[in-house]
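Please read the structure below before turning to the comments.
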Amino acid sequence: MTGASNIRLTEGMQDQMQKMVQVATHKQQHFEKHLHWLQRTMHPYFFITMKNDAEVVTQLAFALDDIARCRRMVLVDREHRLVVACLNQPGSLYETVSHIRDRVISYADFSESLQPLPGCQETLEVQTFEFDCKSAQAIAHASAAKTPVAIKNRVFEALKEHYPQFDHHRWQKLFATIWLNNRRYVLNSPPRRVAQLVWLYQQCIDHDGIFFDVEEADCTEEGMPGKGARLFFGVGNPPQKAFLPQVVEVFNRFNVMIDRAYCLTINNGIHPYFLSTFYVTTDQGIPLENDSPLFQTLREELYNTQILSSQCETYRRLVAPGIMSGVDASLISALVGFCHTNLAHNHPDSFDLEGIVRAFYAHPTIALQLIALFRCRFDPDVENRDEFYHLELDSTRNMIDEYTTGRRFLDEFRRTIFHCALLFIRHTLKTNFYVREKHALAFRLDPAYLDELGEAFTADLPAERPFRISYFYGRFGCGYHIGFSDIARGGWRTLITQGRDDYVTAANTLFRENYVLAHTQHLKNKDIYEGGSKLVAVLNADGESTEDGILPCLYKLQFGFVHAFLDLFVTREDGRAADARVVDYYGEEEPIELGPDENMHDSMVELIAQMATRRGYVLGSGIMSSKKVGINHKEYGVTSIGVVKFAEIAMRCQGIDIHNDAFSVKLTGGPNGDVAGNAMKLLLERCPHVRITTIVDGGGALYDPAGADRDALGALLLVDDIDSYDVEALHPGGFVLHRHNTRRNGLCEMFLKVSRDDNGLCEEWITNDQFYREYNRLMVASRSDLFLPCGGRPETLDDNTWSRFFDSEGLPSAAVIVEGANSFITPNARRKLQEKGVVILRDASANKCGVISSSYEILANLMLTDREFLFRKERYVEDVIARLNQRASDEAQLIFNRYEQLGGGTLYTEISDGISREINQAYARLFEFFEDHPEHWRKPEYHRLLVQHLPAVIGQTARFCKRIANLPDKIKSAILASEIASSLVYHACEQDEFMERVQRHVEKLGQGAPSSK
């Protein structure tokens, strides 16, 4: 039986083998015919691009009959390359790119046959993808490109012939960048196509990083019948994942068929560019011309891919079903973000993001009405705008007021949300919504909306209202710029979150954090002519956890927000927005300065300065401080100068001379941080007997009761985090916690702790709970004479944690706290700590020197050329540092003098706030006066004050002094107001000032008295 089975099996196998041979023979016999068919029906460019892929074309020719039956076949599937052949059916391209949406595509090529496949009704489509994007670092550090001269010359000739308006001075650099990114593409492509790519790259740069255009494609010249359209689409810093699928989806949504396409992603050494050419036709033969409605719609939707992801819920719920366009859905997403961040900070459990999102999805009629109202207010093409707007406003109010589902609590909840959205529309003064070439949305609001929102949603904010609030929304997050003065400056920090829960948690408190930081900045800015402001954005890194994955998202958000910022604040001479598509209800120039803060890298600092200069912003490169042509905070330690000066004076009042006496200090913020690193550097240089016992930073923590070893710590300063500390330098009782050196023990994540006892070093792995218990304890409970919080999240010491600062006997872990980090301690916690005897010098005083330095950097940008500044930089910086020390000393001395004068009955932080408010109130009155009376600038005594405010290197150089007259009028008014206001408070004697006012008043009364004769 077994033998018979084996015989039958063998006979079956032989029969099967014979059939396989017949199939192979059949394919061999038809191979040449299929190859000729491919040559006859595929575009010539297909064979040009495949000239190094003979095996792929061979496999395709063998498989043509199978593709007709199987619909789809993978020809190549390697790590960096994918080639798919399929029937050209509706959605076939979108199906493929959807399957690879998580892979970053460096090159894509789509080709379609001119005729249907033999024995089939559909044509053949060949899709080629490459996944080999070069990193910014690889391009930035690449050696000079050595391109073949013959190829280079042919491309240049094609460029001159087909694009005569091209700026040929830039062509070498642009071509070299493309070569460095994908030399295979350059070698395999015809010269005209490479020239076309170089031209598109330049257009994308010149159009603020986004460009879309169309030209007629005479297909007969290229071996194809009829006429079609050639679409060019380029994006600077595009979304890295699922971007091409979204682009293809836009074409599908509007029935635009892609016949061929070439898409290349290159990197310029800072960020990538997506450059693509699509050969398309429409199902009804509608012409695609520049002024056609279809072209304009495509442009709107393709540009909108930078703001709204096709993977987000808004897209799936509102765009995919056809309820609204992608552009309108972007506005709804922005409204959702605004309502959430404004309502949740005081009610995070009630007004959670999911509940707000559901309100708009569940009632698309109200969402569409809000869009209609917004468009009436800001569409630049609407005639009789005000009339139509007020009619729509009445309709919208009625719709919201009458909204009911019969569920009282839910109805009140959703009416609150819709009223918040209505406040947003009513109080927005200008927006870039109608600007075509945008990467994010921006809205400049009148802060009066906060009063209408009500105390229930504003009680946790400082009472003082801002001068302006600007809201930004983009594909990867949202943010605010809040300023408390017309001319304002403050840093830009971006909070990086990973995953939706992390994002929602940060977004819950985004508005309050920004408001508090901006308000603190305003108190801090009392010594300069700019008021306080802050830009805080929260980034959803889309689940990325590595630096290579996070950086593109970070740069995309910042790139988009700064472009949107400039859309609003680049103005004409009359003060109105320069872009005609921005309807401007404010109509005044607003000089706003930014600066680097958390997660703002040097490359972005330089890029922002370049963009502002190119787009004609009133401050030019002065929009951004800490540039190469500027005063880098980390390099010169300008912020830490004030922190250490305040510490010196505070400790002196405690009977400790830090330059001669022994004392201990603990810090938050690592040795590689700007403020903490430079503070440690200054302490080690100036204080021979200092013991730095505790350091807590993002990488871990150090504790050493004998003080960190000077050499071991010095090796890390401004270079590395504390987890890189040489543990061999630990003293007995010391240890280092490693936050990023982990391993898993089953389901438990374990952290490395290295400690030293009398027997030597010991390594142990501790649990997550053990790590954070020790990590958090060190910040508040480890003992020292001085605590310098120079890093860490805002509100770390709050109502729940301040009591841990004291031991069981009620003794504080440090007698003096000098805040180097903004808002590290909440106002109530500050009060509680001081009531129990701790001396606190708050951030608005101790941390002010960085912003003063930035102000002087901006003045240098406004008054000196780059060359003039660099030639005198060290002297200029020396002048600035002298002023920093003086300003820090002025305020610290005044705080302690007033504390004594008030008998110790007023808190140090209250005295600090009082000084700031005195100066800012005087500044506001003086600024208004000088704005109304500009003739005072020409009076010698006031001109001397302008000169006095400037660094000596300018004041002592006649030709530079003459340039004061060229400063913007607002800035001259602000400098005078600042110089007078601060000197009045720091140096005026109240008794003398009182008697002078009495004397002037008596003299005035005497002049009006009747004669005694």
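By convention here, the chains of the structure tokens are called A, B, ... in the order presented, each chain's residues are numbered starting at 1, and ligands are numbered starting at 1 in the order presented.
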
- Message: Please extract the residues of stretch 485-555 of chain A with a backbone DSSP assignment of strand (DSSP E or B) and present them as a ChimeraX atom specification.
- Response: /A:488-497,531-540

- Message: Residues within 12 Å of A:Leu343, please, as a PyMOL selection string. Count only C-alpha atoms; anything in the same chain fewer than 4 positions from it doesn't count.
- Response: chain A and resi 335-339+347-353+355-356+413-414+416-421+450+453-460+507-512

Output N, CA and C atoms of each residue in that selection to a file, as a compact mmCIF listing (two decimals), in the first residue's frame.
# COMPACT_ATOMS: atom_id res chain seq x y z
N LEU A 335 -10.20 75.38 15.72
CA LEU A 335 -11.21 75.77 16.71
C LEU A 335 -11.25 74.78 17.88
N VAL A 336 -11.15 73.51 17.57
CA VAL A 336 -11.13 72.48 18.62
C VAL A 336 -9.95 72.73 19.55
N GLY A 337 -8.77 72.97 18.97
CA GLY A 337 -7.58 73.22 19.78
C GLY A 337 -7.70 74.47 20.62
N PHE A 338 -8.28 75.52 20.06
CA PHE A 338 -8.45 76.77 20.81
C PHE A 338 -9.41 76.56 21.98
N CYS A 339 -10.56 75.95 21.71
CA CYS A 339 -11.55 75.73 22.77
C CYS A 339 -10.98 74.85 23.87
N HIS A 347 -10.43 73.57 34.06
CA HIS A 347 -11.43 72.49 34.19
C HIS A 347 -10.98 71.30 33.34
N PRO A 348 -9.82 70.69 33.64
CA PRO A 348 -9.30 69.64 32.76
C PRO A 348 -10.18 68.40 32.68
N ASP A 349 -10.92 68.12 33.74
CA ASP A 349 -11.77 66.92 33.71
C ASP A 349 -13.06 67.15 32.94
N SER A 350 -13.60 68.35 33.04
CA SER A 350 -14.87 68.64 32.36
C SER A 350 -14.66 68.87 30.87
N PHE A 351 -13.72 69.75 30.53
CA PHE A 351 -13.54 70.13 29.12
C PHE A 351 -12.33 69.41 28.54
N ASP A 352 -12.44 68.09 28.52
CA ASP A 352 -11.36 67.28 27.96
C ASP A 352 -11.41 67.35 26.44
N LEU A 353 -10.30 67.04 25.80
CA LEU A 353 -10.20 67.17 24.35
C LEU A 353 -11.22 66.30 23.63
N GLY A 355 -14.16 65.30 24.58
CA GLY A 355 -15.51 65.86 24.67
C GLY A 355 -15.70 67.04 23.74
N ILE A 356 -14.69 67.87 23.59
CA ILE A 356 -14.77 69.03 22.70
C ILE A 356 -14.81 68.57 21.24
N PHE A 413 -22.82 72.09 28.38
CA PHE A 413 -21.42 71.82 28.08
C PHE A 413 -21.09 72.21 26.65
N ARG A 414 -21.92 71.78 25.71
CA ARG A 414 -21.62 72.05 24.30
C ARG A 414 -21.90 73.50 23.92
N THR A 416 -21.29 75.97 25.84
CA THR A 416 -20.08 76.66 26.32
C THR A 416 -18.97 76.55 25.28
N ILE A 417 -18.82 75.37 24.72
CA ILE A 417 -17.79 75.14 23.70
C ILE A 417 -18.05 76.00 22.47
N PHE A 418 -19.30 76.00 21.99
CA PHE A 418 -19.63 76.75 20.79
C PHE A 418 -19.53 78.26 21.03
N HIS A 419 -19.87 78.71 22.23
CA HIS A 419 -19.71 80.13 22.55
C HIS A 419 -18.24 80.52 22.58
N CYS A 420 -17.38 79.61 23.05
CA CYS A 420 -15.93 79.87 23.03
C CYS A 420 -15.45 80.00 21.59
N ALA A 421 -15.94 79.12 20.71
CA ALA A 421 -15.58 79.21 19.30
C ALA A 421 -16.06 80.53 18.70
N LEU A 450 -11.15 87.17 26.87
CA LEU A 450 -11.01 86.49 28.16
C LEU A 450 -12.05 86.98 29.17
N LEU A 453 -15.23 85.38 28.32
CA LEU A 453 -15.19 83.96 28.64
C LEU A 453 -15.60 83.73 30.09
N GLY A 454 -15.20 84.66 30.96
CA GLY A 454 -15.69 84.63 32.34
C GLY A 454 -14.69 84.11 33.34
N GLU A 455 -14.90 84.49 34.58
CA GLU A 455 -13.97 84.16 35.66
C GLU A 455 -13.86 82.67 35.88
N ALA A 456 -14.91 81.94 35.57
CA ALA A 456 -14.86 80.49 35.76
C ALA A 456 -13.72 79.86 34.97
N PHE A 457 -13.35 80.49 33.86
CA PHE A 457 -12.29 79.95 33.01
C PHE A 457 -11.01 80.76 33.07
N THR A 458 -10.97 81.84 33.86
CA THR A 458 -9.77 82.67 33.93
C THR A 458 -9.26 82.88 35.35
N ALA A 459 -9.92 82.29 36.34
CA ALA A 459 -9.56 82.54 37.74
C ALA A 459 -8.15 82.06 38.07
N ASP A 460 -7.63 81.09 37.32
CA ASP A 460 -6.30 80.57 37.61
C ASP A 460 -5.21 81.32 36.86
N ALA A 507 -1.40 69.85 26.53
CA ALA A 507 -2.32 70.85 25.96
C ALA A 507 -3.31 71.36 27.01
N ASN A 508 -3.66 70.52 27.98
CA ASN A 508 -4.58 70.94 29.03
C ASN A 508 -4.12 72.23 29.70
N THR A 509 -2.82 72.32 29.97
CA THR A 509 -2.28 73.47 30.73
C THR A 509 -1.47 74.42 29.86
N LEU A 510 -1.48 74.20 28.54
CA LEU A 510 -0.67 75.02 27.64
C LEU A 510 -0.96 76.51 27.80
N PHE A 511 -2.24 76.89 27.79
CA PHE A 511 -2.58 78.31 27.81
C PHE A 511 -2.16 78.94 29.13
N ARG A 512 -2.43 78.26 30.24
CA ARG A 512 -2.05 78.85 31.53
C ARG A 512 -0.53 78.94 31.66

- Counting only C-alpha atoms, what is within 6 Å of A:Leu594, bar same-chain residues fewer than 3 positions away, as a VMD selection string? chain A and resid 489 to 491 623 to 624

Restricted to C-alpha atoms, what would the selected residues look like written as a PDB file, in the first residue's frame?
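What ended up in again-v9.pdb:
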ATOM      1  CA  ARG A 489      10.127  90.061  23.583  1.00  0.00           C
ATOM      2  CA  GLY A 490      10.437  86.603  25.096  1.00  0.00           C
ATOM      3  CA  GLY A 491      11.572  83.099  24.241  1.00  0.00           C
ATOM      4  CA  ILE A 623      13.277  89.032  15.321  1.00  0.00           C
ATOM      5  CA  MET A 624      15.506  86.397  16.936  1.00  0.00           C
TER       6      MET A 624
END

- Message: as a PyMOL selection string, please: every residue in stretch 383-500 of chain A that a backbone DSSP assignment puts in alpha helix (DSSP H).
- Response: chain A and resi 385-401+408-427+449-453+500

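All residues of protein, DNA or RNA that reach within 12 Å of A:Glu464, judged by only C-alpha atoms and not counting those fewer than 4 positions away in the chain, are Pro447, Ala448, Leu450, Asp451, Thr458, Ala459, Asp460, Gly483, Phe484, Ser485, Tyr515, Val516, Ala518, His519, Thr520, His522, Leu523 and Arg917 of chain A.
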
Any chance you could export the current selection's all heavy atoms as a tab-separated table (two decimals), in the first residue's frame?
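What follows is the written file out23.tsv:
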chain	number	residue	atom	x	y	z
A	447	PRO	N	-7.30	90.30	23.39
A	447	PRO	CA	-7.44	89.55	24.65
A	447	PRO	C	-8.73	89.85	25.40
A	447	PRO	O	-9.02	89.17	26.40
A	447	PRO	CB	-6.22	90.00	25.46
A	447	PRO	CG	-5.25	90.52	24.47
A	447	PRO	CD	-6.08	91.13	23.37
A	448	ALA	N	-9.52	90.81	24.94
A	448	ALA	CA	-10.79	91.11	25.60
A	448	ALA	C	-11.72	89.90	25.64
A	448	ALA	O	-12.65	89.84	26.46
A	448	ALA	CB	-11.49	92.28	24.90
A	450	LEU	N	-11.15	87.17	26.87
A	450	LEU	CA	-11.01	86.49	28.16
A	450	LEU	C	-12.05	86.98	29.17
A	450	LEU	O	-12.58	86.21	29.96
A	450	LEU	CB	-9.61	86.69	28.71
A	450	LEU	CG	-8.48	85.98	27.94
A	450	LEU	CD1	-7.13	86.47	28.40
A	450	LEU	CD2	-8.60	84.47	28.12
A	451	ASP	N	-12.32	88.29	29.13
A	451	ASP	CA	-13.32	88.82	30.06
A	451	ASP	C	-14.71	88.29	29.74
A	451	ASP	O	-15.51	88.05	30.64
A	451	ASP	CB	-13.30	90.35	30.01
A	451	ASP	CG	-11.98	90.92	30.54
A	451	ASP	OD1	-11.42	90.34	31.48
A	451	ASP	OD2	-11.50	91.92	29.98
A	458	THR	N	-10.97	81.84	33.86
A	458	THR	CA	-9.77	82.67	33.93
A	458	THR	C	-9.26	82.88	35.35
A	458	THR	O	-8.26	83.56	35.54
A	458	THR	CB	-10.05	84.05	33.29
A	458	THR	OG1	-11.11	84.70	34.02
A	458	THR	CG2	-10.44	83.92	31.83
A	459	ALA	N	-9.92	82.29	36.34
A	459	ALA	CA	-9.56	82.54	37.74
A	459	ALA	C	-8.15	82.06	38.07
A	459	ALA	O	-7.52	82.57	39.00
A	459	ALA	CB	-10.57	81.87	38.67
A	460	ASP	N	-7.63	81.09	37.32
A	460	ASP	CA	-6.30	80.57	37.61
A	460	ASP	C	-5.21	81.32	36.86
A	460	ASP	O	-4.04	80.92	36.90
A	460	ASP	CB	-6.23	79.08	37.28
A	460	ASP	CG	-6.54	78.79	35.81
A	460	ASP	OD1	-7.24	79.60	35.17
A	460	ASP	OD2	-6.07	77.75	35.30
A	483	GLY	N	1.69	88.38	24.62
A	483	GLY	CA	2.54	89.53	24.91
A	483	GLY	C	1.81	90.56	25.75
A	483	GLY	O	0.63	90.82	25.54
A	484	PHE	N	2.54	91.16	26.68
A	484	PHE	CA	1.94	92.12	27.60
A	484	PHE	C	2.28	93.57	27.26
A	484	PHE	O	2.04	94.46	28.07
A	484	PHE	CB	2.36	91.80	29.05
A	484	PHE	CG	1.56	90.69	29.66
A	484	PHE	CD1	1.89	89.36	29.40
A	484	PHE	CD2	0.46	90.96	30.45
A	484	PHE	CE1	1.15	88.33	29.95
A	484	PHE	CE2	-0.30	89.94	30.99
A	484	PHE	CZ	0.05	88.62	30.75
A	485	SER	N	2.82	93.79	26.06
A	485	SER	CA	3.15	95.15	25.67
A	485	SER	C	3.17	95.22	24.16
A	485	SER	O	3.29	94.20	23.47
A	485	SER	CB	4.52	95.54	26.24
A	485	SER	OG	4.86	96.86	25.89
A	515	TYR	N	0.60	81.84	29.60
A	515	TYR	CA	0.15	83.11	30.19
A	515	TYR	C	1.05	83.48	31.38
A	515	TYR	O	1.53	84.61	31.50
A	515	TYR	CB	-1.30	82.95	30.66
A	515	TYR	CG	-2.08	84.22	30.86
A	515	TYR	CD1	-3.16	84.53	30.04
A	515	TYR	CD2	-1.77	85.11	31.88
A	515	TYR	CE1	-3.91	85.68	30.23
A	515	TYR	CE2	-2.51	86.25	32.09
A	515	TYR	CZ	-3.58	86.54	31.26
A	515	TYR	OH	-4.31	87.68	31.46
A	516	VAL	N	1.31	82.49	32.26
A	516	VAL	CA	2.13	82.74	33.45
A	516	VAL	C	3.56	83.09	33.05
A	516	VAL	O	4.18	84.01	33.60
A	516	VAL	CB	2.09	81.52	34.39
A	516	VAL	CG1	3.12	81.66	35.51
A	516	VAL	CG2	0.69	81.34	34.98
A	518	ALA	N	4.58	84.37	30.19
A	518	ALA	CA	4.61	85.69	29.56
A	518	ALA	C	4.48	86.79	30.60
A	518	ALA	O	5.14	87.84	30.51
A	518	ALA	CB	3.48	85.79	28.52
A	519	HIS	N	3.62	86.57	31.58
A	519	HIS	CA	3.44	87.56	32.64
A	519	HIS	C	4.72	87.71	33.45
A	519	HIS	O	5.15	88.82	33.78
A	519	HIS	CB	2.27	87.14	33.55
A	519	HIS	CG	1.93	88.16	34.59
A	519	HIS	ND1	2.31	88.01	35.91
A	519	HIS	CD2	1.28	89.35	34.50
A	519	HIS	CE1	1.89	89.07	36.60
A	519	HIS	NE2	1.26	89.88	35.77
A	520	THR	N	5.35	86.57	33.78
A	520	THR	CA	6.64	86.61	34.48
A	520	THR	C	7.68	87.34	33.64
A	520	THR	O	8.48	88.13	34.15
A	520	THR	CB	7.12	85.18	34.79
A	520	THR	OG1	6.16	84.54	35.62
A	520	THR	CG2	8.47	85.18	35.47
A	522	HIS	N	7.13	89.66	31.55
A	522	HIS	CA	6.83	91.09	31.56
A	522	HIS	C	7.41	91.74	32.82
A	522	HIS	O	7.95	92.84	32.78
A	522	HIS	CB	5.32	91.31	31.49
A	522	HIS	CG	4.92	92.73	31.25
A	522	HIS	ND1	5.44	93.47	30.21
A	522	HIS	CD2	4.07	93.56	31.92
A	522	HIS	CE1	4.91	94.69	30.24
A	522	HIS	NE2	4.08	94.77	31.27
A	523	LEU	N	7.28	91.05	33.95
A	523	LEU	CA	7.89	91.56	35.17
A	523	LEU	C	9.41	91.59	35.04
A	523	LEU	O	10.08	92.50	35.53
A	523	LEU	CB	7.48	90.68	36.36
A	523	LEU	CG	5.98	90.61	36.68
A	523	LEU	CD1	5.73	89.64	37.83
A	523	LEU	CD2	5.41	91.99	37.02
A	917	ARG	N	6.24	96.14	38.83
A	917	ARG	CA	5.02	96.86	38.47
A	917	ARG	C	5.25	98.37	38.48
A	917	ARG	O	4.72	99.09	37.63
A	917	ARG	CB	3.89	96.47	39.41
A	917	ARG	CG	3.39	95.05	39.17
A	917	ARG	CD	2.08	94.76	39.89
A	917	ARG	NE	1.56	93.48	39.48
A	917	ARG	CZ	1.83	92.33	40.09
A	917	ARG	NH1	2.63	92.34	41.16
A	917	ARG	NH2	1.35	91.18	39.65

Give me the residues near A:Ala662 as a PDB file with N, CA and C atoms, in the first residue's frame, where near means some atom within 9 Å (using only C-alpha atoms) and where sequence neighbours in that chain fewer than 5 positions away do not count.
ATOM      1  N   ILE A 656      27.111  84.971  54.709  1.00  0.00           N
ATOM      2  CA  ILE A 656      28.047  84.117  53.983  1.00  0.00           C
ATOM      3  C   ILE A 656      28.602  84.885  52.788  1.00  0.00           C
ATOM      4  N   ASP A 657      29.928  85.010  52.738  1.00  0.00           N
ATOM      5  CA  ASP A 657      30.614  85.609  51.597  1.00  0.00           C
ATOM      6  C   ASP A 657      30.991  84.465  50.660  1.00  0.00           C
ATOM      7  N   CYS A 687      34.142  80.842  43.508  1.00  0.00           N
ATOM      8  CA  CYS A 687      33.917  80.436  44.893  1.00  0.00           C
ATOM      9  C   CYS A 687      34.788  79.219  45.222  1.00  0.00           C
ATOM     10  N   PRO A 688      35.959  79.433  45.751  1.00  0.00           N
ATOM     11  CA  PRO A 688      36.902  78.321  45.977  1.00  0.00           C
ATOM     12  C   PRO A 688      36.409  77.284  46.974  1.00  0.00           C
ATOM     13  N   HIS A 689      35.474  77.657  47.844  1.00  0.00           N
ATOM     14  CA  HIS A 689      35.030  76.729  48.889  1.00  0.00           C
ATOM     15  C   HIS A 689      33.594  76.239  48.680  1.00  0.00           C
ATOM     16  N   VAL A 690      33.057  76.384  47.496  1.00  0.00           N
ATOM     17  CA  VAL A 690      31.694  75.928  47.238  1.00  0.00           C
ATOM     18  C   VAL A 690      31.652  74.412  47.134  1.00  0.00           C
ATOM     19  N   ARG A 691      30.585  73.806  47.667  1.00  0.00           N
ATOM     20  CA  ARG A 691      30.315  72.376  47.504  1.00  0.00           C
ATOM     21  C   ARG A 691      28.985  72.234  46.751  1.00  0.00           C
TER      22      ARG A 691
END

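With only C-alpha atoms as the atoms that count, the residue of A:Val839, A:Val851, A:Met779, A:Leu862 with the shortest distance to A:Thr613 is A:Leu862.
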
Show me, as a tab-separated table, the residues of stretch 470-565 of chain A having an atom within 12 Å of stretch 101-122 of chain A, each with the closest atom pair and its distance in Å, using only C-alpha atoms.
residue	atom	partner	partner_atom	distance
A:Asp542	CA	A:Asp102	CA	11.2
A:Gly543	CA	A:Asp102	CA	11.5
A:Glu544	CA	A:Asp102	CA	11.4
A:Gly549	CA	A:Val104	CA	10.6
A:Pro552	CA	A:Val104	CA	11.5

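Across the structure, atom CA of A:Ala860 and atom CA of A:Gly531 are spaced 18.3 Å apart.
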
- Message: So that I can see what lies close to stretch 203-219 of chain A, please list as an MDAnalysis selection string the residues with an atom at most 10 Å from it, counting only C-alpha atoms and leaving out residues fewer than 3 positions away in the same chain.
- Response: chainID A and resid 43 166 197:200 222:238 273:280 287:290 295:296 298:300 302:303 306 436:439 559:560 563 611 614:615

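Distance check against A:Asp697 using only C-alpha atoms: of A:Asp709, A:Glu383, A:Glu590, A:Asp721, the minimum falls on A:Asp721.
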
- Task: Write out as a PyMOL selection string each polymer residue whose atoms come within 9 Å of stretch 572-574 of chain A, counting only C-alpha atoms; drop sequence neighbours fewer than 6 positions from it.
- Result: chain A and resi 587-589
